[in-house]
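Q: My questions all concern the structure below.
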Amino acid sequence: MGLSLFENSREINTSSTVMMVEDVLIALGHFVNDCRVDEPPATRAWRVTKGSAQVSIQILERDDHPHLRVTSAVMCLATDAAPGVRAELHADLLARNLDLCGLAFAARGDQVVLVAERSTLDLDRSEVLELIKRVSDHADAVDNALVATYGGQMGGTC
């Protein structure tokens, strides 16, 4: 049986988003075939590097519409970090969130992550470029300083 109109609309929207992401990655100087990765639960995903920052770009299925999510693991706090250091880091990240526009710091266990996410509904190429640049530029700008201040290691998995 054929796809319903709603399912077809989602598929078209996802295909359009994939084309925009790959067009932006090419414009930023990346080789798309080298960027494509398999990152469940994402339906499509890419990984790029900006300076010392590793950036993940994913298309995720959501109830309303697919979403474009751009993240960068900024640092991993040492597992043996003193409780006071962890509390200071979290307070610092919350304070930094106040001045950020369109992205935020988050914690995933001992990992500090920058994240930006937007519905793909009415998404255009300039917004894709802005999401990727905003996360990658900010992650590259703060990762060294956060590690120098709180210890641990840059990016990666904890």
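Quick note on naming: the chains in the structure tokens go A, B, ... in the order shown, residues restart at 1 in each chain, and ligands are numbered from 1 in order of appearance.
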Contacts of A:Glu39 at 12 Å or less, counting only C-alpha atoms, minus same-chain residues fewer than 3 places along, as a PyMOL selection string?

A: chain A and resi 35-36+42-47+56-60

Q: For N, CA and C atoms, I'd like the residues from the last selection saved as a PDB file, in the first residue's frame.

A:
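The resulting file, again-v1.pdb, is reproduced below:
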```
ATOM      1  N   CYS A  35      32.237  12.438   6.000  1.00  0.00           N
ATOM      2  CA  CYS A  35      31.492  12.955   7.159  1.00  0.00           C
ATOM      3  C   CYS A  35      30.337  12.059   7.579  1.00  0.00           C
ATOM      4  N   ARG A  36      29.813  11.269   6.662  1.00  0.00           N
ATOM      5  CA  ARG A  36      28.639  10.458   6.970  1.00  0.00           C
ATOM      6  C   ARG A  36      28.988   9.379   7.990  1.00  0.00           C
ATOM      7  N   ALA A  42      19.587   8.440  15.147  1.00  0.00           N
ATOM      8  CA  ALA A  42      19.450   9.373  14.029  1.00  0.00           C
ATOM      9  C   ALA A  42      19.124   8.623  12.740  1.00  0.00           C
ATOM     10  N   THR A  43      18.252   9.223  11.924  1.00  0.00           N
ATOM     11  CA  THR A  43      17.969   8.632  10.625  1.00  0.00           C
ATOM     12  C   THR A  43      19.108   8.913   9.653  1.00  0.00           C
ATOM     13  N   ARG A  44      19.770  10.057   9.815  1.00  0.00           N
ATOM     14  CA  ARG A  44      20.975  10.428   9.048  1.00  0.00           C
ATOM     15  C   ARG A  44      21.892  11.186   9.989  1.00  0.00           C
ATOM     16  N   ALA A  45      23.218  11.026   9.819  1.00  0.00           N
ATOM     17  CA  ALA A  45      24.156  11.712  10.701  1.00  0.00           C
ATOM     18  C   ALA A  45      25.476  11.962   9.995  1.00  0.00           C
ATOM     19  N   TRP A  46      26.139  13.017  10.440  1.00  0.00           N
ATOM     20  CA  TRP A  46      27.447  13.414   9.924  1.00  0.00           C
ATOM     21  C   TRP A  46      28.304  13.832  11.103  1.00  0.00           C
ATOM     22  N   ARG A  47      29.631  13.724  10.984  1.00  0.00           N
ATOM     23  CA  ARG A  47      30.542  14.192  12.010  1.00  0.00           C
ATOM     24  C   ARG A  47      31.657  14.976  11.328  1.00  0.00           C
ATOM     25  N   SER A  56      28.758  16.772  15.836  1.00  0.00           N
ATOM     26  CA  SER A  56      27.834  15.769  15.319  1.00  0.00           C
ATOM     27  C   SER A  56      26.585  16.478  14.811  1.00  0.00           C
ATOM     28  N   ILE A  57      26.159  16.124  13.602  1.00  0.00           N
ATOM     29  CA  ILE A  57      24.951  16.681  12.993  1.00  0.00           C
ATOM     30  C   ILE A  57      24.017  15.501  12.750  1.00  0.00           C
ATOM     31  N   GLN A  58      22.801  15.588  13.276  1.00  0.00           N
ATOM     32  CA  GLN A  58      21.877  14.466  13.182  1.00  0.00           C
ATOM     33  C   GLN A  58      20.483  14.921  12.776  1.00  0.00           C
ATOM     34  N   ILE A  59      19.807  14.062  12.028  1.00  0.00           N
ATOM     35  CA  ILE A  59      18.376  14.231  11.784  1.00  0.00           C
ATOM     36  C   ILE A  59      17.683  13.180  12.640  1.00  0.00           C
ATOM     37  N   LEU A  60      16.836  13.675  13.550  1.00  0.00           N
ATOM     38  CA  LEU A  60      16.149  12.806  14.502  1.00  0.00           C
ATOM     39  C   LEU A  60      14.649  12.842  14.261  1.00  0.00           C
TER      40      LEU A  60
END
```

Q: I want to know what sits within 12 Å of A:Gly29, based on only C-alpha atoms, with residues of the same chain fewer than 4 positions away left out; could you give that as a list in words?

A: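 My list of contacting residues is Glu22, Asp23, Val24, Leu25, Asp34, Cys35, Val48, Thr49 and Lys50 of chain A.
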
Q: If we count only C-alpha atoms and set the cut-off at 12 Å, which residues sit around A:Thr120, ignoring sequence neighbours fewer than 3 positions away in its own chain? Please answer as an MDAnalysis selection string.

A: chainID A and resid 9:18 20:21 58:62 64:69 117 123:125 127:128 131

Q: For a quick check of understanding, using only C-alpha atoms, which of A:Leu100, A:Leu93, A:Leu129, A:Leu77 has the smallest distance to A:Gly151?

A: A:Leu77

Q: Find the residues near A:Glu88: any atom within 12 Å, counting only C-alpha atoms, skip ones fewer than 6 places away on the same chain, and give them as a PyMOL selection string.

A: chain A and resi 77+81-82+94-95+146+149-151

Q: Using C-alpha atoms, can you export the residues from the last selection as a JSON list (two decimals), in the first residue's frame?

A:
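Written file, part_33.json:
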```json
[["chain", "number", "residue", "atom", "x", "y", "z"],
["A", 77, "LEU", "CA", 35.25, 15.87, 33.55],
["A", 81, "ALA", "CA", 36.94, 15.17, 40.20],
["A", 82, "ALA", "CA", 36.13, 16.55, 43.61],
["A", 94, "LEU", "CA", 24.41, 27.49, 33.74],
["A", 95, "ALA", "CA", 25.76, 31.03, 33.92],
["A", 146, "LEU", "CA", 37.01, 24.63, 30.36],
["A", 149, "THR", "CA", 39.88, 25.45, 34.54],
["A", 150, "TYR", "CA", 38.17, 22.22, 35.63],
["A", 151, "GLY", "CA", 40.52, 19.44, 34.51]]
```

Q: Quote the spacing between atom CA of A:Met154 and atom CA of A:Asp140 in Å to one decimal place.

A: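 Between these atoms lies a distance of 10.1 Å.
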
Q: Could the residues of stretch 64-93 of chain A that have an atom at most 12 Å from stretch 102-108 of chain A be listed as a Markdown table, each with its closest atom pair and the distance in Å to one decimal, counting only C-alpha atoms and ordered by chain and ascending residue number?

A:
```
| residue | atom | partner | partner_atom | distance |
| --- | --- | --- | --- | --- |
| A:Arg69 | CA | A:Leu103 | CA | 10.2 |
| A:Val70 | CA | A:Leu103 | CA | 9.1 |
| A:Thr71 | CA | A:Leu103 | CA | 9.1 |
| A:Ser72 | CA | A:Phe105 | CA | 9.6 |
| A:Ala73 | CA | A:Arg108 | CA | 9.1 |
| A:Val74 | CA | A:Phe105 | CA | 9.0 |
| A:Met75 | CA | A:Ala107 | CA | 9.9 |
| A:Cys76 | CA | A:Arg108 | CA | 9.4 |
| A:Leu77 | CA | A:Ala107 | CA | 10.1 |
| A:Arg86 | CA | A:Ala107 | CA | 10.9 |
| A:Leu89 | CA | A:Ala107 | CA | 10.3 |
| A:His90 | CA | A:Ala107 | CA | 8.4 |
| A:Ala91 | CA | A:Phe105 | CA | 11.1 |
| A:Asp92 | CA | A:Phe105 | CA | 10.0 |
| A:Leu93 | CA | A:Phe105 | CA | 6.2 |
```

Q: Going by DSSP on the backbone, which residues of chain A come out as alpha helix (DSSP H)? List them as a ChimeraX atom specification.

A: /A:5-27,32-35,83-99,125-150

Q: Can you work out which one of A:Ser52, A:Val32, A:Val37, A:Pro83 has the shortest atom-to-atom distance to A:Ala145, counting only C-alpha atoms?

A: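 Going through A:Ser52, A:Val32, A:Val37, A:Pro83 one by one, the smallest distance to A:Ala145 is for A:Ser52.
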
Q: Figure out the distance between atom CA of A:Phe31 and atom CA of A:Val142, please, to one decimal in Å.

A: 25.6 Å

Q: Could you pull out the strand (DSSP E or B) residues of stretch 18-107 of chain A, going by DSSP on the backbone, and write them as JSON, numbers by chain?

A: {"A": [36, 37, 44, 45, 46, 47, 48, 49, 50, 53, 54, 55, 56, 57, 58, 59, 60, 67, 68, 69, 70, 71, 72, 73, 74, 75, 76, 104, 105, 106, 107]}
